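Here's the structure, in structure tokens; my notes come after.
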Amino acid sequence: MIKVVAHPIIEHNLSILRDKLSSNAEFRSSTHTIAHFLAAKAFETLDLRPKQVETPFEQIDGAEISTDVVLVPVLRAGLGLLEAFRALLPAAKISFIGLSRDEKDFSISEYFFSLPKFSSQTKFIILEVMIATGGSVCSALSRLQFEEAANFTVCSIISAPEGIERILSEHPNVEIITASLDRELNSKKYILPGLGDAGDRWCGV
Ligand code: URA
């Protein structure tokens, strides 16, 4: 299932991200802003358990999040999404996955992986700024499934139809949340109209 999150603040910041003249500071700031909307959408389905709360005046029936969440930024650009997710849910745990893409044959190789303790109920939220071919996300999903993780949401700022199709055909039960479904990939597997290389622009390369 794919959900495209729409909001005027997202539209405004997407245009800043797409503008080749935007500075690294502007790129980071707009990535961070859009990430809040993705996080709010991804957290909409978290479970709550009852919690008694004493206000300064009386006792009320309150609530607290009961879902165990692991955030999985895909290095490098996924780090740009992490802070907003962590700000909304400070108790979330963090797993890191480092994937690099061969520029010639576009194959994916893993150079780093870390995983906190989790249970079969844990919700894994994969943070990947650009879903292009879907190769990185499918590698991350397969790696986490190998570790027996089972419950996944993928969040991206921009997605290409080719990548979405691949992810949903290989992992039909995954929820994908994106701020934009762009037109297509070019011959070098960059997204059009896209924003260029998100990792380079976020890191200031
Ligand atoms: N990764 C990026 O950073 N940009 C693209 O367009 C595709 C993959």
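Residues are referred to by chain and number: the chain letter is A, B, ... according to the order shown in the structure tokens, the number counts from 1 in that chain, and ligands are numbered separately from 1 in the order shown.
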Give me, as a tab-separated table, the closest atom pair and its distance (Å, one decimal) for every residue of chain A within a cut-off of 10 Å of ligand 1, counting only C-alpha atoms and all ligand atoms, rows sorted by chain and rising number.
residue	atom	partner	partner_atom_place_in_ligand_line	distance
A:Arg76	CA	ligand 1	3 (O)	9.5
A:Ala77	CA	ligand 1	3 (O)	7.5
A:Arg101	CA	ligand 1	8 (C)	9.2
A:Glu128	CA	ligand 1	1 (N)	9.1
A:Val129	CA	ligand 1	3 (O)	7.3
A:Met130	CA	ligand 1	1 (N)	5.2
A:Ile131	CA	ligand 1	8 (C)	6.5
A:Ala132	CA	ligand 1	7 (C)	4.8
A:Thr133	CA	ligand 1	8 (C)	7.7
A:Gly134	CA	ligand 1	8 (C)	9.1
A:Gly135	CA	ligand 1	8 (C)	9.8
A:Ser136	CA	ligand 1	8 (C)	9.4
A:Ile158	CA	ligand 1	6 (O)	8.4
A:Ser159	CA	ligand 1	7 (C)	8.6
A:Ala160	CA	ligand 1	7 (C)	8.6
A:Gly163	CA	ligand 1	7 (C)	10.0
A:Asp182	CA	ligand 1	6 (O)	9.9
A:Glu184	CA	ligand 1	6 (O)	9.6
A:Leu185	CA	ligand 1	6 (O)	7.5
A:Asn186	CA	ligand 1	6 (O)	8.5
A:Lys188	CA	ligand 1	7 (C)	8.6
A:Lys189	CA	ligand 1	7 (C)	6.0
A:Tyr190	CA	ligand 1	6 (O)	3.4
A:Ile191	CA	ligand 1	6 (O)	3.7
A:Leu192	CA	ligand 1	6 (O)	6.9
A:Pro193	CA	ligand 1	6 (O)	8.3
A:Gly194	CA	ligand 1	6 (O)	5.5
A:Leu195	CA	ligand 1	6 (O)	6.3
A:Gly196	CA	ligand 1	4 (N)	5.0
A:Asp197	CA	ligand 1	3 (O)	3.4
A:Ala198	CA	ligand 1	3 (O)	3.7
A:Gly199	CA	ligand 1	3 (O)	5.6
A:Asp200	CA	ligand 1	3 (O)	7.4
A:Arg201	CA	ligand 1	3 (O)	8.3
A:Trp202	CA	ligand 1	3 (O)	9.4
**OP:** Mind checking which residues fall within 12 Å of His171 of chain A, counting only C-alpha atoms, ignoring those fewer than 5 positions away in the same chain, and posting them as a VMD selection string?
**Re:** chain A and resid 1 134 137 to 142 145 150 to 154 163 to 166 176
Same residues, N, CA, C and O atoms, output as a PDB file, in the first residue's frame:
ATOM      1  N   MET A   1       0.849  -1.191   0.000  1.00  0.00           N
ATOM      2  CA  MET A   1       0.000   0.000   0.000  1.00  0.00           C
ATOM      3  C   MET A   1       0.892   1.252   0.000  1.00  0.00           C
ATOM      4  O   MET A   1       1.870   1.320   0.717  1.00  0.00           O
ATOM      5  N   GLY A 134      14.239   1.050  -6.055  1.00  0.00           N
ATOM      6  CA  GLY A 134      13.707   0.235  -4.956  1.00  0.00           C
ATOM      7  C   GLY A 134      14.740  -0.772  -4.460  1.00  0.00           C
ATOM      8  O   GLY A 134      14.489  -1.509  -3.503  1.00  0.00           O
ATOM      9  N   VAL A 137      15.860  -0.282  -0.702  1.00  0.00           N
ATOM     10  CA  VAL A 137      14.781  -0.613   0.241  1.00  0.00           C
ATOM     11  C   VAL A 137      14.557  -2.135   0.258  1.00  0.00           C
ATOM     12  O   VAL A 137      14.395  -2.732   1.331  1.00  0.00           O
ATOM     13  N   CYS A 138      14.592  -2.772  -0.924  1.00  0.00           N
ATOM     14  CA  CYS A 138      14.399  -4.237  -0.948  1.00  0.00           C
ATOM     15  C   CYS A 138      15.549  -4.939  -0.212  1.00  0.00           C
ATOM     16  O   CYS A 138      15.328  -5.926   0.502  1.00  0.00           O
ATOM     17  N   SER A 139      16.781  -4.422  -0.359  1.00  0.00           N
ATOM     18  CA  SER A 139      17.910  -5.019   0.377  1.00  0.00           C
ATOM     19  C   SER A 139      17.705  -4.863   1.875  1.00  0.00           C
ATOM     20  O   SER A 139      17.938  -5.807   2.649  1.00  0.00           O
ATOM     21  N   ALA A 140      17.272  -3.658   2.299  1.00  0.00           N
ATOM     22  CA  ALA A 140      17.058  -3.421   3.732  1.00  0.00           C
ATOM     23  C   ALA A 140      15.943  -4.324   4.254  1.00  0.00           C
ATOM     24  O   ALA A 140      16.063  -4.933   5.325  1.00  0.00           O
ATOM     25  N   LEU A 141      14.854  -4.436   3.487  1.00  0.00           N
ATOM     26  CA  LEU A 141      13.736  -5.288   3.923  1.00  0.00           C
ATOM     27  C   LEU A 141      14.173  -6.747   4.031  1.00  0.00           C
ATOM     28  O   LEU A 141      13.845  -7.439   4.996  1.00  0.00           O
ATOM     29  N   SER A 142      14.928  -7.228   3.042  1.00  0.00           N
ATOM     30  CA  SER A 142      15.364  -8.632   3.062  1.00  0.00           C
ATOM     31  C   SER A 142      16.285  -8.880   4.248  1.00  0.00           C
ATOM     32  O   SER A 142      16.199  -9.914   4.921  1.00  0.00           O
ATOM     33  N   GLN A 145      14.196  -8.935   7.363  1.00  0.00           N
ATOM     34  CA  GLN A 145      13.390 -10.166   7.415  1.00  0.00           C
ATOM     35  C   GLN A 145      14.262 -11.361   7.781  1.00  0.00           C
ATOM     36  O   GLN A 145      13.836 -12.251   8.506  1.00  0.00           O
ATOM     37  N   ALA A 150       9.240  -8.336  11.073  1.00  0.00           N
ATOM     38  CA  ALA A 150       8.075  -8.710  10.260  1.00  0.00           C
ATOM     39  C   ALA A 150       7.129  -7.560   9.914  1.00  0.00           C
ATOM     40  O   ALA A 150       6.303  -7.694   9.029  1.00  0.00           O
ATOM     41  N   ASN A 151       7.271  -6.431  10.568  1.00  0.00           N
ATOM     42  CA  ASN A 151       6.272  -5.378  10.442  1.00  0.00           C
ATOM     43  C   ASN A 151       6.961  -4.098   9.934  1.00  0.00           C
ATOM     44  O   ASN A 151       7.780  -3.524  10.651  1.00  0.00           O
ATOM     45  N   PHE A 152       6.644  -3.683   8.685  1.00  0.00           N
ATOM     46  CA  PHE A 152       7.457  -2.633   8.049  1.00  0.00           C
ATOM     47  C   PHE A 152       6.652  -1.473   7.475  1.00  0.00           C
ATOM     48  O   PHE A 152       5.620  -1.691   6.825  1.00  0.00           O
ATOM     49  N   THR A 153       7.192  -0.270   7.678  1.00  0.00           N
ATOM     50  CA  THR A 153       6.744   0.911   6.935  1.00  0.00           C
ATOM     51  C   THR A 153       8.000   1.508   6.302  1.00  0.00           C
ATOM     52  O   THR A 153       9.060   1.494   6.921  1.00  0.00           O
ATOM     53  N   VAL A 154       7.871   2.002   5.067  1.00  0.00           N
ATOM     54  CA  VAL A 154       8.993   2.670   4.408  1.00  0.00           C
ATOM     55  C   VAL A 154       8.586   4.122   4.182  1.00  0.00           C
ATOM     56  O   VAL A 154       7.493   4.380   3.664  1.00  0.00           O
ATOM     57  N   GLY A 163      10.365   2.017  -8.587  1.00  0.00           N
ATOM     58  CA  GLY A 163      10.787   1.528  -7.265  1.00  0.00           C
ATOM     59  C   GLY A 163       9.612   1.049  -6.437  1.00  0.00           C
ATOM     60  O   GLY A 163       9.690   0.018  -5.759  1.00  0.00           O
ATOM     61  N   ILE A 164       8.518   1.797  -6.509  1.00  0.00           N
ATOM     62  CA  ILE A 164       7.323   1.411  -5.743  1.00  0.00           C
ATOM     63  C   ILE A 164       6.825   0.051  -6.223  1.00  0.00           C
ATOM     64  O   ILE A 164       6.505  -0.838  -5.418  1.00  0.00           O
ATOM     65  N   GLU A 165       6.796  -0.102  -7.559  1.00  0.00           N
ATOM     66  CA  GLU A 165       6.313  -1.374  -8.136  1.00  0.00           C
ATOM     67  C   GLU A 165       7.182  -2.547  -7.677  1.00  0.00           C
ATOM     68  O   GLU A 165       6.676  -3.593  -7.271  1.00  0.00           O
ATOM     69  N   ARG A 166       8.495  -2.324  -7.697  1.00  0.00           N
ATOM     70  CA  ARG A 166       9.392  -3.412  -7.291  1.00  0.00           C
ATOM     71  C   ARG A 166       9.204  -3.772  -5.810  1.00  0.00           C
ATOM     72  O   ARG A 166       9.114  -4.962  -5.456  1.00  0.00           O
ATOM     73  N   ILE A 176       4.091   1.977   2.290  1.00  0.00           N
ATOM     74  CA  ILE A 176       5.045   2.998   1.821  1.00  0.00           C
ATOM     75  C   ILE A 176       4.394   4.366   1.968  1.00  0.00           C
ATOM     76  O   ILE A 176       3.268   4.576   1.511  1.00  0.00           O
TER      77      ILE A 176
END
**OP:** Run DSSP on the backbone and grab whatever in chain A lands in strand (DSSP E); send it over as an MDAnalysis selection string.
**Re:** chainID A and resid 2:4 48:54 59:65 69:75 93:94 96:101 108:114 123:127 130:131 151:159 175:181 184:185 191:192
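Proximity to Leu181 of chain A was assessed for A:Ser169, A:Ser114, A:Ser15, A:Ser156 counting only C-alpha atoms; the smallest distance is recorded for A:Ser156.
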Subject >> Residue contacts of Leu46 of chain A (9 Å, only C-alpha atoms) excluding same-chain residues fewer than 2 positions away, as a VMD selection string >> reply: chain A and resid 42 to 44 48 65 to 69 123
C-alpha atoms of the current selection, written as a JSON list (two decimals), in the first residue's frame:
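Once written, selection03.json looks like this:
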[["chain", "number", "residue", "atom", "x", "y", "z"],
["A", 42, "ALA", "CA", 3.83, 6.80, 9.86],
["A", 43, "PHE", "CA", 2.94, 7.13, 13.56],
["A", 44, "GLU", "CA", -0.82, 7.43, 12.88],
["A", 48, "LEU", "CA", -2.01, 3.29, 22.56],
["A", 65, "ILE", "CA", 2.20, 4.72, 22.91],
["A", 66, "SER", "CA", 2.58, 0.98, 23.36],
["A", 67, "THR", "CA", 4.09, 0.02, 19.98],
["A", 68, "ASP", "CA", 7.80, -0.75, 20.02],
["A", 69, "VAL", "CA", 9.36, 1.19, 17.12],
["A", 123, "LYS", "CA", 7.34, -1.88, 13.90]]
**OP:** From a DSSP calculation on the backbone, collect every residue of segment 19-170 of chain A in helix (DSSP H, G or I) and output the set as an MDAnalysis selection string.
**Re:** chainID A and resid 24:45 79:88 135:146 161:170
Selection export as an mmCIF file, in the first residue's frame, atoms kept: C-alpha atoms:
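Generated output (again.cif):
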data_model
loop_
_atom_site.group_PDB
_atom_site.id
_atom_site.type_symbol
_atom_site.label_atom_id
_atom_site.label_comp_id
_atom_site.auth_asym_id
_atom_site.auth_seq_id
_atom_site.Cartn_x
_atom_site.Cartn_y
_atom_site.Cartn_z
ATOM 1 C CA ASN A 24 23.019 22.725 1.559
ATOM 2 C CA ALA A 25 21.553 24.519 4.578
ATOM 3 C CA GLU A 26 18.243 25.052 2.760
ATOM 4 C CA PHE A 27 18.299 21.436 1.553
ATOM 5 C CA ARG A 28 18.791 20.111 5.081
ATOM 6 C CA SER A 29 16.157 22.382 6.558
ATOM 7 C CA SER A 30 13.504 21.413 3.970
ATOM 8 C CA THR A 31 14.324 17.703 4.343
ATOM 9 C CA HIS A 32 13.846 18.055 8.105
ATOM 10 C CA THR A 33 10.541 19.909 7.703
ATOM 11 C CA ILE A 34 9.037 17.335 5.312
ATOM 12 C CA ALA A 35 10.252 14.508 7.561
ATOM 13 C CA HIS A 36 7.891 15.725 10.320
ATOM 14 C CA PHE A 37 4.894 15.141 8.034
ATOM 15 C CA LEU A 38 6.133 11.670 7.043
ATOM 16 C CA ALA A 39 6.670 10.819 10.708
ATOM 17 C CA ALA A 40 3.212 12.029 11.710
ATOM 18 C CA LYS A 41 1.689 9.838 8.973
ATOM 19 C CA ALA A 42 3.827 6.803 9.859
ATOM 20 C CA PHE A 43 2.936 7.133 13.556
ATOM 21 C CA GLU A 44 -0.820 7.428 12.877
ATOM 22 C CA THR A 45 -1.235 3.662 13.224
ATOM 23 C CA LEU A 79 19.982 10.451 8.373
ATOM 24 C CA GLY A 80 18.276 13.613 7.150
ATOM 25 C CA LEU A 81 14.894 12.113 8.110
ATOM 26 C CA LEU A 82 15.929 10.630 11.442
ATOM 27 C CA GLU A 83 15.835 13.690 13.727
ATOM 28 C CA ALA A 84 12.199 14.563 12.984
ATOM 29 C CA PHE A 85 11.061 10.981 13.639
ATOM 30 C CA ARG A 86 13.057 10.852 16.856
ATOM 31 C CA ALA A 87 11.678 14.209 17.984
ATOM 32 C CA LEU A 88 8.087 12.941 17.663
ATOM 33 C CA GLY A 135 16.955 -1.789 -4.741
ATOM 34 C CA SER A 136 18.156 -0.295 -1.436
ATOM 35 C CA VAL A 137 14.781 -0.613 0.241
ATOM 36 C CA CYS A 138 14.399 -4.237 -0.948
ATOM 37 C CA SER A 139 17.910 -5.019 0.377
ATOM 38 C CA ALA A 140 17.058 -3.421 3.732
ATOM 39 C CA LEU A 141 13.736 -5.288 3.923
ATOM 40 C CA SER A 142 15.364 -8.632 3.062
ATOM 41 C CA ARG A 143 18.119 -8.052 5.632
ATOM 42 C CA LEU A 144 15.617 -7.213 8.366
ATOM 43 C CA GLN A 145 13.390 -10.166 7.415
ATOM 44 C CA PHE A 146 16.445 -12.424 7.637
ATOM 45 C CA PRO A 161 6.921 4.392 -9.923
ATOM 46 C CA GLU A 162 9.546 1.769 -10.868
ATOM 47 C CA GLY A 163 10.787 1.528 -7.265
ATOM 48 C CA ILE A 164 7.323 1.411 -5.743
ATOM 49 C CA GLU A 165 6.313 -1.374 -8.136
ATOM 50 C CA ARG A 166 9.392 -3.412 -7.291
ATOM 51 C CA ILE A 167 9.011 -3.048 -3.518
ATOM 52 C CA LEU A 168 5.320 -3.951 -3.553
ATOM 53 C CA SER A 169 5.865 -6.939 -5.846
ATOM 54 C CA GLU A 170 8.688 -8.333 -3.646
#
Subject >> atom CA of Asn173 of chain A to atom CA of Glu64 of chain A, straight-line distance in Å >> reply: 26.4 Å
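Our summary of the geometry notes that atom CA of Val72 of chain A is positioned 20.0 Å from atom CA of Val4 of chain A.
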Original post:
What is the atom CA of Val74 of chain A-atom CA of Lys93 of chain A distance in Å, reported with one decimal?
Top reply: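 Separation of atom CA of Val74 of chain A and atom CA of Lys93 of chain A: 14.5 Å.
Considering only C-alpha atoms, the residue among A:Ala92, A:Val70, A:Ile177, A:Glu148 positioned nearest to Ile125 of chain A is A:Val70.
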